[in-house]
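Coordinates from query.cif are shown below (mmCIF, C-alpha atoms and all ligand atoms).
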```cif
data_query
loop_
_atom_site.label_atom_id
_atom_site.label_comp_id
_atom_site.auth_asym_id
_atom_site.auth_seq_id
_atom_site.Cartn_x
_atom_site.Cartn_y
_atom_site.Cartn_z
CA MET A 317 -6.38 -10.38 -20.29
CA ILE A 318 -6.76 -7.22 -22.31
CA ILE A 319 -4.08 -4.54 -21.90
CA PHE A 320 -5.01 -0.86 -22.27
CA LYS A 321 -2.55 2.02 -22.35
CA LYS A 322 -5.06 4.74 -23.24
CA ILE A 323 -7.78 5.99 -20.92
CA SER A 324 -10.33 6.49 -23.70
CA ALA A 325 -9.99 2.90 -24.96
CA LEU A 326 -10.22 1.50 -21.42
CA GLN A 327 -13.30 3.57 -20.63
CA HIS A 328 -14.97 2.58 -23.89
CA HIS A 329 -14.45 -1.10 -23.00
CA LEU A 330 -15.60 -0.63 -19.38
CA ASP A 331 -18.74 1.22 -20.48
CA SER A 332 -19.97 -1.83 -22.36
CA LEU A 333 -19.28 -4.06 -19.32
CA LYS A 334 -21.05 -1.64 -16.97
CA SER A 335 -24.07 -1.41 -19.23
CA SER A 336 -24.43 -5.18 -18.86
CA LYS A 337 -24.30 -4.58 -15.06
CA LYS A 338 -20.98 -6.30 -14.44
CA ALA A 339 -19.45 -5.47 -11.03
CA ILE A 340 -15.94 -4.09 -11.48
CA GLY A 341 -13.20 -4.81 -8.92
CA PHE A 342 -10.07 -2.67 -9.06
CA VAL A 343 -6.52 -3.41 -7.85
CA PRO A 344 -4.11 -0.46 -8.24
CA THR A 345 -0.40 -1.35 -8.09
CA MET A 346 3.04 -0.03 -8.98
CA GLY A 347 4.06 -3.36 -10.52
CA ALA A 348 6.99 -5.64 -9.60
CA LEU A 349 4.18 -7.95 -8.58
CA HIS A 350 4.49 -10.57 -5.84
CA ASP A 351 2.05 -12.90 -4.09
CA GLY A 352 0.72 -10.02 -1.95
CA HIS A 353 -0.52 -8.23 -5.06
CA LEU A 354 -1.86 -11.49 -6.49
CA LEU A 355 -3.89 -12.08 -3.33
CA LEU A 356 -5.67 -8.77 -4.00
CA VAL A 357 -6.44 -9.96 -7.53
CA GLN A 358 -7.77 -13.28 -6.19
CA GLN A 359 -9.99 -11.47 -3.66
CA SER A 360 -11.37 -9.22 -6.37
CA LYS A 361 -12.07 -12.21 -8.59
CA THR A 362 -14.05 -13.96 -5.85
CA VAL A 363 -16.49 -11.07 -5.41
CA CYS A 364 -16.47 -9.10 -8.69
CA GLU A 365 -17.28 -10.21 -12.22
CA VAL A 366 -14.54 -8.14 -13.82
CA THR A 367 -11.11 -7.44 -12.28
CA VAL A 368 -9.09 -4.46 -13.47
CA VAL A 369 -5.45 -4.17 -12.35
CA SER A 370 -3.37 -1.06 -12.95
CA ILE A 371 0.41 -0.82 -13.01
CA PHE A 372 1.69 2.73 -12.74
CA VAL A 373 4.77 3.89 -10.85
CA ASN A 374 3.34 7.19 -9.72
CA PRO A 375 6.05 9.88 -9.62
CA THR A 376 3.97 12.25 -7.45
CA GLN A 377 4.02 9.96 -4.41
CA PHE A 378 7.81 9.59 -4.13
CA ASN A 379 9.38 12.08 -1.74
CA ASP A 380 12.77 10.44 -2.37
CA LEU A 381 14.04 10.62 -5.99
CA THR A 382 16.44 7.66 -5.52
CA ASP A 383 13.57 5.48 -4.31
CA PHE A 384 11.61 6.40 -7.46
CA GLU A 385 14.58 5.81 -9.78
CA LYS A 386 15.38 2.45 -8.14
CA TYR A 387 11.78 1.24 -8.07
CA PRO A 388 11.86 -2.23 -9.72
CA VAL A 389 10.12 -2.58 -13.10
CA THR A 390 9.26 -6.14 -14.29
CA ILE A 391 6.38 -5.61 -16.71
CA GLU A 392 6.73 -8.84 -18.72
CA LYS A 393 6.80 -11.03 -15.60
CA ASP A 394 3.91 -9.01 -14.13
CA CYS A 395 1.78 -9.63 -17.24
CA LEU A 396 2.49 -13.34 -17.07
CA GLN A 397 1.48 -13.52 -13.40
CA LEU A 398 -1.72 -11.57 -14.04
CA GLU A 399 -2.59 -13.87 -16.96
CA GLN A 400 -2.14 -16.86 -14.63
CA GLN A 401 -4.54 -15.26 -12.14
CA HIS A 402 -7.05 -14.65 -14.97
CA ALA A 403 -7.16 -10.91 -14.36
CA ASP A 404 -9.49 -9.47 -16.98
CA ILE A 405 -7.95 -6.08 -17.71
CA LEU A 406 -4.52 -4.50 -17.19
CA PHE A 407 -4.32 -0.71 -17.36
CA LEU A 408 -0.78 0.39 -18.12
CA PRO A 409 -0.76 4.16 -18.63
CA SER A 410 2.20 6.47 -19.23
CA VAL A 411 2.87 9.50 -17.01
CA THR A 412 1.56 11.88 -19.70
CA GLU A 413 -1.61 9.81 -20.11
CA MET A 414 -2.25 9.98 -16.36
CA TYR A 415 -1.20 13.58 -15.89
CA PRO A 416 -1.79 15.66 -19.01
CA GLU A 417 -0.50 19.20 -18.71
CA GLY A 418 -1.80 21.00 -15.66
CA MET A 419 -3.00 17.89 -13.83
CA MET A 420 0.25 17.37 -11.91
CA ASN A 421 -0.44 20.27 -9.54
CA GLN A 422 -3.74 20.09 -7.80
CA LYS A 423 -5.44 21.34 -4.66
CA PRO A 424 -4.46 19.27 -1.61
CA PHE A 425 -6.97 16.85 -0.11
CA ASP A 426 -8.00 17.31 3.52
CA LEU A 427 -6.47 14.27 5.20
CA GLY A 428 -6.63 15.51 8.80
CA ILE A 429 -4.01 14.09 11.14
CA LEU A 430 -3.31 11.21 8.74
CA GLU A 431 -1.15 13.68 6.85
CA THR A 432 1.08 14.48 9.83
CA VAL A 433 1.44 11.21 11.77
CA LEU A 434 3.77 8.28 10.99
CA ASP A 435 4.49 8.11 7.23
CA GLY A 436 2.69 11.44 6.84
CA HIS A 437 5.46 12.97 8.93
CA TYR A 438 8.40 11.01 7.50
CA ARG A 439 7.32 11.16 3.84
CA PRO A 440 6.04 14.72 3.31
CA GLY A 441 3.71 14.95 0.32
CA HIS A 442 3.52 11.16 -0.09
CA PHE A 443 -0.14 10.73 0.82
CA GLN A 444 -1.22 13.72 -1.29
CA GLY A 445 0.50 11.98 -4.23
CA VAL A 446 -1.20 8.69 -3.37
CA CYS A 447 -4.60 10.42 -3.22
CA GLN A 448 -3.94 12.21 -6.48
CA VAL A 449 -3.23 8.99 -8.37
CA VAL A 450 -5.94 6.89 -6.68
CA LYS A 451 -8.58 9.59 -7.26
CA ARG A 452 -7.58 9.80 -10.91
CA LEU A 453 -7.64 6.01 -11.30
CA LEU A 454 -11.00 5.70 -9.54
CA ASP A 455 -12.46 8.41 -11.77
CA ILE A 456 -11.25 6.49 -14.81
CA VAL A 457 -12.20 2.94 -13.77
CA GLN A 458 -15.23 3.71 -11.57
CA PRO A 459 -15.13 0.34 -9.80
CA LYS A 460 -17.69 -1.01 -7.38
CA GLN A 461 -14.94 -2.25 -5.08
CA LEU A 462 -11.36 -1.18 -4.52
CA PHE A 463 -8.86 -3.71 -3.12
CA LEU A 464 -5.92 -2.51 -1.02
CA GLY A 465 -3.44 -4.35 1.21
CA GLN A 466 -3.29 -4.01 4.99
CA LYS A 467 0.51 -3.96 4.56
CA ASP A 468 0.07 -0.22 3.80
CA TYR A 469 -2.30 0.36 6.71
CA GLN A 470 -2.03 4.14 6.83
CA GLN A 471 -2.59 4.26 3.08
CA CYS A 472 -5.84 2.30 3.57
CA LYS A 473 -6.97 4.86 6.15
CA VAL A 474 -6.01 7.73 3.84
CA ILE A 475 -7.92 6.24 0.90
CA GLN A 476 -10.96 5.53 3.09
CA ARG A 477 -10.90 9.22 4.00
CA LEU A 478 -10.45 10.23 0.35
CA ILE A 479 -13.51 8.15 -0.57
CA THR A 480 -15.52 9.79 2.23
CA VAL A 481 -14.50 13.41 1.58
CA THR A 482 -14.87 13.21 -2.20
CA GLY A 483 -18.02 11.07 -2.17
CA ILE A 484 -16.50 8.53 -4.55
CA ASN A 485 -18.93 5.70 -5.12
CA ALA A 486 -16.67 2.70 -4.39
CA SER A 487 -16.25 0.52 -1.32
CA LEU A 488 -12.84 -0.32 0.09
CA VAL A 489 -11.83 -3.91 0.82
CA ILE A 490 -8.69 -4.34 2.94
CA VAL A 491 -6.82 -7.59 2.25
CA PRO A 492 -4.52 -9.15 4.91
CA THR A 493 -0.75 -8.85 4.52
CA GLN A 494 0.88 -11.71 2.62
CA ARG A 495 4.17 -12.79 4.21
CA GLU A 496 7.25 -14.83 3.33
CA LYS A 497 7.72 -18.08 5.30
CA ASP A 498 9.84 -16.30 7.93
CA GLY A 499 7.22 -13.57 8.40
CA LEU A 500 8.75 -10.76 6.31
CA ALA A 501 5.91 -8.84 4.63
CA MET A 502 6.12 -9.23 0.86
CA SER A 503 7.16 -5.99 -0.79
CA SER A 504 8.41 -4.96 -4.22
CA ARG A 505 11.34 -3.34 -2.41
CA ASN A 506 12.53 -6.66 -0.90
CA VAL A 507 14.42 -7.50 -4.12
CA ARG A 508 16.78 -4.61 -3.32
CA LEU A 509 17.97 -6.34 -0.12
CA THR A 510 21.28 -8.24 -0.07
CA ASP A 511 21.15 -11.84 1.22
CA GLU A 512 22.37 -10.67 4.61
CA GLN A 513 19.88 -7.79 4.77
CA ARG A 514 17.08 -10.14 3.72
CA LEU A 515 17.79 -12.31 6.77
CA GLN A 516 18.05 -9.28 9.08
CA ALA A 517 14.81 -7.83 7.73
CA THR A 518 12.68 -10.44 9.53
CA ALA A 519 13.38 -8.53 12.75
CA ILE A 520 10.46 -6.23 11.87
CA TYR A 521 8.01 -9.14 11.98
CA GLN A 522 9.62 -10.56 15.11
CA GLN A 523 9.28 -7.21 16.89
CA LEU A 524 5.63 -6.89 15.83
CA ILE A 525 4.95 -10.34 17.29
CA HIS A 526 6.82 -9.39 20.47
CA VAL A 527 4.76 -6.21 20.82
CA ARG A 528 1.53 -8.10 20.19
CA ASP A 529 2.40 -10.74 22.79
CA SER A 530 3.40 -8.11 25.37
CA VAL A 531 0.23 -6.01 25.22
CA GLY A 532 -0.97 -5.18 28.71
CA THR A 533 2.23 -6.20 30.48
CA VAL A 534 4.16 -2.93 30.00
CA SER A 535 3.41 0.54 28.59
CA PRO A 536 3.24 1.26 24.83
CA LEU A 537 6.20 3.65 25.26
CA TYR A 538 8.38 0.96 26.85
CA LEU A 539 7.45 -1.53 24.11
CA THR A 540 8.22 0.88 21.26
CA GLN A 541 11.58 1.81 22.81
CA GLN A 542 12.46 -1.86 23.26
CA ALA A 543 11.50 -2.71 19.68
CA THR A 544 13.46 0.26 18.27
CA ALA A 545 16.61 -0.86 20.12
CA ALA A 546 16.11 -4.47 18.95
CA LEU A 547 15.78 -3.37 15.29
CA LEU A 548 18.96 -1.32 15.45
CA HIS A 549 20.71 -4.25 17.11
CA SER A 550 19.50 -6.60 14.33
CA GLY A 551 21.15 -4.59 11.55
CA PHE A 552 18.62 -1.86 10.71
CA SER A 553 20.48 1.38 10.06
CA LYS A 554 17.66 3.79 10.94
CA VAL A 555 14.24 3.44 12.52
CA ASP A 556 11.74 6.10 11.42
CA TYR A 557 9.19 4.88 13.92
CA VAL A 558 7.89 2.04 16.01
CA ALA A 559 4.43 3.21 17.01
CA ILE A 560 1.48 1.85 18.90
CA ALA A 561 -1.61 3.70 17.79
CA ASP A 562 -5.38 3.73 17.84
CA ALA A 563 -6.24 1.48 14.88
CA GLU A 564 -8.99 3.85 13.71
CA SER A 565 -7.48 7.33 14.07
CA LEU A 566 -3.78 6.35 14.10
CA GLU A 567 -3.22 8.68 17.04
CA PRO A 568 -0.48 7.38 19.36
CA LEU A 569 -1.69 5.43 22.40
CA GLN A 570 -0.25 6.30 25.81
CA SER A 571 -1.79 3.23 27.42
CA PHE A 572 -3.66 0.08 26.45
CA SER A 573 -7.34 0.27 27.18
CA ASP A 574 -10.01 -2.33 26.58
CA ASN A 575 -12.26 -0.22 24.41
CA LYS A 576 -9.69 0.88 21.82
CA LYS A 577 -8.50 -1.27 18.94
CA ALA A 578 -4.71 -0.89 18.81
CA ILE A 579 -2.16 -1.39 16.04
CA ALA A 580 1.64 -1.53 16.02
CA LEU A 581 3.36 0.02 13.02
CA ILE A 582 7.03 0.05 12.04
CA ALA A 583 9.03 1.90 9.38
CA ALA A 584 12.77 1.30 9.28
CA PHE A 585 15.73 1.35 6.90
CA ILE A 586 17.97 -1.56 6.20
CA GLY A 587 20.82 -0.10 4.15
CA ASN A 588 18.96 2.41 1.97
CA VAL A 589 15.81 0.29 1.63
CA ARG A 590 12.87 1.50 3.68
CA LEU A 591 10.53 -1.24 4.87
CA ILE A 592 7.15 -0.87 6.57
CA ASP A 593 4.87 -3.34 8.32
CA ASN A 594 2.12 -3.41 10.92
CA MET A 595 0.07 -5.74 13.08
CA LEU A 596 -3.33 -5.33 14.71
CA LEU A 597 -2.91 -5.93 18.44
CA ARG A 598 -6.46 -6.83 19.32
P1 LIG B 1 2.30 -1.31 -4.39
O1 LIG B 1 2.49 -1.88 -5.75
O2 LIG B 1 3.41 -1.62 -3.46
O3 LIG B 1 1.90 0.13 -4.41
O4 LIG B 1 1.06 -2.08 -3.77
C1 LIG B 1 -0.15 -2.21 -4.45
C2 LIG B 1 -1.16 -2.79 -3.51
O5 LIG B 1 -0.70 -4.06 -3.05
C3 LIG B 1 -1.39 -1.92 -2.25
O6 LIG B 1 -2.76 -1.93 -1.93
C4 LIG B 1 -0.57 -2.64 -1.21
O7 LIG B 1 -1.02 -2.43 0.11
C5 LIG B 1 -0.77 -4.08 -1.63
N1 LIG B 1 0.30 -4.92 -1.08
C6 LIG B 1 1.63 -4.70 -1.15
N2 LIG B 1 2.30 -5.65 -0.47
C7 LIG B 1 1.37 -6.49 0.03
C8 LIG B 1 1.43 -7.67 0.84
N3 LIG B 1 2.58 -8.18 1.26
N4 LIG B 1 0.26 -8.27 1.18
C9 LIG B 1 -0.94 -7.76 0.77
N5 LIG B 1 -1.07 -6.64 0.01
C10 LIG B 1 0.08 -6.02 -0.35
#
```

What is this structure when it is put down as structure tokens?
Amino acid sequence: MIIFKKISALQHHLDSLKSSKKAIGFVPTMGALHDGHLLLVQQSKTVCEVTVVSIFVNPTQFNDLTDFEKYPVTIEKDCLQLEQQHADILFLPSVTEMYPEGMMNQKPFDLGILETVLDGHYRPGHFQGVCQVVKRLLDIVQPKQLFLGQKDYQQCKVIQRLITVTGINASLVIVPTQREKDGLAMSSRNVRLTDEQRLQATAIYQQLIHVRDSVGTVSPLYLTQQATAALLHSGFSKVDYVAIADAESLEPLQSFSDNKKAIALIAAFIGNVRLIDNMLLR
């Protein structure tokens, strides 16, 4: 695996690969890698000839300074894991390399209702920051395929929209959520949970399963209220949302109908760690 910290050196290397018509797969991450990230790398390796991974903790997507400051950094372990997966290239830029003077503030992207629903509402500015960094990374790497995890479902929808509105020439591949044995979605933030919180955290998965198994028996509103109460009862300190939404638009669903694909999404705090997860309902 070759590690690049400078954009110019990375691009120089990629140019030679592209001129020999190698298909580039790209996996953007914020590091503290776990098996969920590695699954994205494996998927890229099965369909692309060259896999580029980036590790960059993007300051512009954190609406909570403490979350940014406490974001785990495990670069040496990450490099080892990527070597084991035979990733070809690791891009490891600094903040100044990514955002030279003047690039931090930019015109907002038109994200439609994705900007105001769910995490758009609870994390103001977050998706603009995500778009800013992903657009910059895509401009640098210019991959054929971009690999993102379903774990961040709204983020996938936002990036799909970014690709459409900017005309970026890359296709998005959404990779299923990788879970721990008890169902908890793998997340870099899980290491911040105490042993007790780690056990309590599985309630998110259990509630998603309960919602999925109850589709059609009661209303979405009743199900989301029930799940919210169950999370609070299980030790979660705050529930931002339990939502049942149209899986395409992410608009809330008032009822289950046969012709709409539905998804359940949860964001909740356990202590001061915010966890998110989702499950397609049909
Ligand atoms: P992050 O480093 O958390 O920004 O995540 C980088 C990429 O890994 C994003 O596309 C995430 O959706 C994806 N990802 C994170 N956790 C998981 C997981 N448990 N399963 C699959 N993909 C994941």

Return as an MDAnalysis selection string every polymer residue, whether protein, DNA or RNA, with at least one atom no more than 10 Å from an atom of ligand LIG 1 (chain B); count only C-alpha atoms and all ligand atoms. chainID A and resid 343:357 369:374 387 446 462:472 489:496 500:505 592:593

Closest of A:Lys576, A:Lys334, A:Lys361, A:Lys321 to Thr412 of chain A, counting only C-alpha atoms, is A:Lys321

From the options A:Val457, A:Val507, A:Ile525, A:Val474, which residue's atoms come nearest to His328 of chain A, counting all atoms listed in the file?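 Between A:Val457, A:Val507, A:Ile525, A:Val474, the residue approaching His328 of chain A most closely is A:Val457.
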
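Going from atom CA of Asp331 of chain A over to atom CA of Gln461 of chain A, you cover 16.2 Å.
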
Neighbours of point (-17.0, 11.2, -16.5) within 12 Å, using all atoms listed in the file, written as a list of chain:residue names: A:Ile323, A:Ser324, A:Gln327, A:His328, A:Asp331, A:Arg452, A:Leu453, A:Leu454, A:Asp455, A:Ile456, A:Val457, A:Gln458

Enclose segment 478-495 of chain A, meaning all of its atoms listed in the file, in a box aligned along x, y and z, pad it by 3 Å on each side, and list the centre and edge lengths in Å to one decimal, as lines of an AutoDock Vina configuration file.
```
center_x = -7.4
center_y = 0.3
center_z = -0.1
size_x = 29.1
size_y = 32.2
size_z = 16.0
```

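Here atom CA of Ala543 of chain A and atom CA of Lys497 of chain A stand 21.4 Å from one another.
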
Among the residues A:Val527, A:Cys364, A:Ala561, A:Ile475, the one that comes closest to Phe443 of chain A [using all atoms listed in the file]: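 Comparing A:Val527, A:Cys364, A:Ala561, A:Ile475 against Phe443 of chain A, the winner is A:Ile475.
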
Need to verify the contact set: Gln570 of chain A, 8 Å, all atoms listed in the file, exclusion of same-chain residues closer than 4 positions in sequence. Can you return it as a ChimeraX atom specification? /A:535-537

With C-alpha atoms retained, export the selected residues as an mmCIF file, keeping the file's coordinate frame.
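This is the output file part_27.cif:
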```cif
data_model
loop_
_atom_site.group_PDB
_atom_site.id
_atom_site.type_symbol
_atom_site.label_atom_id
_atom_site.label_comp_id
_atom_site.auth_asym_id
_atom_site.auth_seq_id
_atom_site.Cartn_x
_atom_site.Cartn_y
_atom_site.Cartn_z
ATOM 1 C CA SER A 535 3.410 0.540 28.590
ATOM 2 C CA PRO A 536 3.240 1.260 24.830
ATOM 3 C CA LEU A 537 6.200 3.650 25.260
#
```

If we count only C-alpha atoms and set the cut-off at 7 Å, which residues sit around segment 580-584 of chain A, ignoring sequence neighbours fewer than 4 positions away in its own chain? Please answer as a PyMOL selection string. chain A and resi 524+552+554-561+590-597

N, CA, C and O atoms are what I want for segment 383-399 of chain A; can you complete it accordingly and write them as a PDB file, keeping the file's coordinate frame?
```pdb
ATOM      1  N   ASP A 383      14.548   6.555  -4.479  1.00  0.00           N
ATOM      2  CA  ASP A 383      13.570   5.480  -4.310  1.00  0.00           C
ATOM      3  C   ASP A 383      12.766   5.315  -5.601  1.00  0.00           C
ATOM      4  O   ASP A 383      12.518   4.197  -6.065  1.00  0.00           O
ATOM      5  N   PHE A 384      12.375   6.434  -6.211  1.00  0.00           N
ATOM      6  CA  PHE A 384      11.610   6.400  -7.460  1.00  0.00           C
ATOM      7  C   PHE A 384      12.463   5.789  -8.576  1.00  0.00           C
ATOM      8  O   PHE A 384      12.025   4.884  -9.290  1.00  0.00           O
ATOM      9  N   GLU A 385      13.719   6.278  -8.691  1.00  0.00           N
ATOM     10  CA  GLU A 385      14.580   5.810  -9.780  1.00  0.00           C
ATOM     11  C   GLU A 385      14.923   4.319  -9.622  1.00  0.00           C
ATOM     12  O   GLU A 385      15.114   3.620 -10.603  1.00  0.00           O
ATOM     13  N   LYS A 386      15.001   3.863  -8.366  1.00  0.00           N
ATOM     14  CA  LYS A 386      15.380   2.450  -8.140  1.00  0.00           C
ATOM     15  C   LYS A 386      14.162   1.539  -8.032  1.00  0.00           C
ATOM     16  O   LYS A 386      14.300   0.349  -7.747  1.00  0.00           O
ATOM     17  N   TYR A 387      12.964   2.079  -8.232  1.00  0.00           N
ATOM     18  CA  TYR A 387      11.780   1.240  -8.070  1.00  0.00           C
ATOM     19  C   TYR A 387      11.807   0.134  -9.135  1.00  0.00           C
ATOM     20  O   TYR A 387      11.943   0.416 -10.325  1.00  0.00           O
ATOM     21  N   PRO A 388      11.715  -1.143  -8.733  1.00  0.00           N
ATOM     22  CA  PRO A 388      11.860  -2.230  -9.720  1.00  0.00           C
ATOM     23  C   PRO A 388      10.733  -2.238 -10.762  1.00  0.00           C
ATOM     24  O   PRO A 388       9.586  -1.999 -10.423  1.00  0.00           O
ATOM     25  N   VAL A 389      11.118  -2.495 -12.014  1.00  0.00           N
ATOM     26  CA  VAL A 389      10.120  -2.580 -13.100  1.00  0.00           C
ATOM     27  C   VAL A 389      10.273  -3.946 -13.769  1.00  0.00           C
ATOM     28  O   VAL A 389      11.354  -4.286 -14.251  1.00  0.00           O
ATOM     29  N   THR A 390       9.190  -4.759 -13.754  1.00  0.00           N
ATOM     30  CA  THR A 390       9.260  -6.140 -14.290  1.00  0.00           C
ATOM     31  C   THR A 390       7.972  -6.435 -15.079  1.00  0.00           C
ATOM     32  O   THR A 390       7.296  -7.424 -14.816  1.00  0.00           O
ATOM     33  N   ILE A 391       7.684  -5.558 -16.043  1.00  0.00           N
ATOM     34  CA  ILE A 391       6.380  -5.610 -16.710  1.00  0.00           C
ATOM     35  C   ILE A 391       6.051  -6.977 -17.333  1.00  0.00           C
ATOM     36  O   ILE A 391       4.942  -7.483 -17.169  1.00  0.00           O
ATOM     37  N   GLU A 392       7.044  -7.579 -18.023  1.00  0.00           N
ATOM     38  CA  GLU A 392       6.730  -8.840 -18.720  1.00  0.00           C
ATOM     39  C   GLU A 392       6.334  -9.931 -17.729  1.00  0.00           C
ATOM     40  O   GLU A 392       5.350 -10.653 -17.927  1.00  0.00           O
ATOM     41  N   LYS A 393       7.101 -10.022 -16.636  1.00  0.00           N
ATOM     42  CA  LYS A 393       6.800 -11.030 -15.600  1.00  0.00           C
ATOM     43  C   LYS A 393       5.439 -10.710 -14.962  1.00  0.00           C
ATOM     44  O   LYS A 393       4.641 -11.605 -14.678  1.00  0.00           O
ATOM     45  N   ASP A 394       5.189  -9.416 -14.742  1.00  0.00           N
ATOM     46  CA  ASP A 394       3.910  -9.010 -14.130  1.00  0.00           C
ATOM     47  C   ASP A 394       2.737  -9.475 -15.003  1.00  0.00           C
ATOM     48  O   ASP A 394       1.745 -10.015 -14.502  1.00  0.00           O
ATOM     49  N   CYS A 395       2.867  -9.252 -16.321  1.00  0.00           N
ATOM     50  CA  CYS A 395       1.780  -9.630 -17.240  1.00  0.00           C
ATOM     51  C   CYS A 395       1.524 -11.125 -17.172  1.00  0.00           C
ATOM     52  O   CYS A 395       0.365 -11.573 -17.124  1.00  0.00           O
ATOM     53  N   LEU A 396       2.610 -11.879 -17.136  1.00  0.00           N
ATOM     54  CA  LEU A 396       2.490 -13.340 -17.070  1.00  0.00           C
ATOM     55  C   LEU A 396       1.746 -13.768 -15.808  1.00  0.00           C
ATOM     56  O   LEU A 396       0.842 -14.607 -15.846  1.00  0.00           O
ATOM     57  N   GLN A 397       2.120 -13.160 -14.686  1.00  0.00           N
ATOM     58  CA  GLN A 397       1.480 -13.520 -13.400  1.00  0.00           C
ATOM     59  C   GLN A 397      -0.004 -13.152 -13.410  1.00  0.00           C
ATOM     60  O   GLN A 397      -0.844 -13.898 -12.906  1.00  0.00           O
ATOM     61  N   LEU A 398      -0.318 -11.997 -14.006  1.00  0.00           N
ATOM     62  CA  LEU A 398      -1.720 -11.570 -14.040  1.00  0.00           C
ATOM     63  C   LEU A 398      -2.544 -12.477 -14.957  1.00  0.00           C
ATOM     64  O   LEU A 398      -3.702 -12.775 -14.670  1.00  0.00           O
ATOM     65  N   GLU A 399      -1.918 -12.907 -16.064  1.00  0.00           N
ATOM     66  CA  GLU A 399      -2.590 -13.870 -16.960  1.00  0.00           C
ATOM     67  C   GLU A 399      -2.911 -15.141 -16.186  1.00  0.00           C
ATOM     68  O   GLU A 399      -4.015 -15.688 -16.298  1.00  0.00           O
TER      69      GLU A 399
END
```
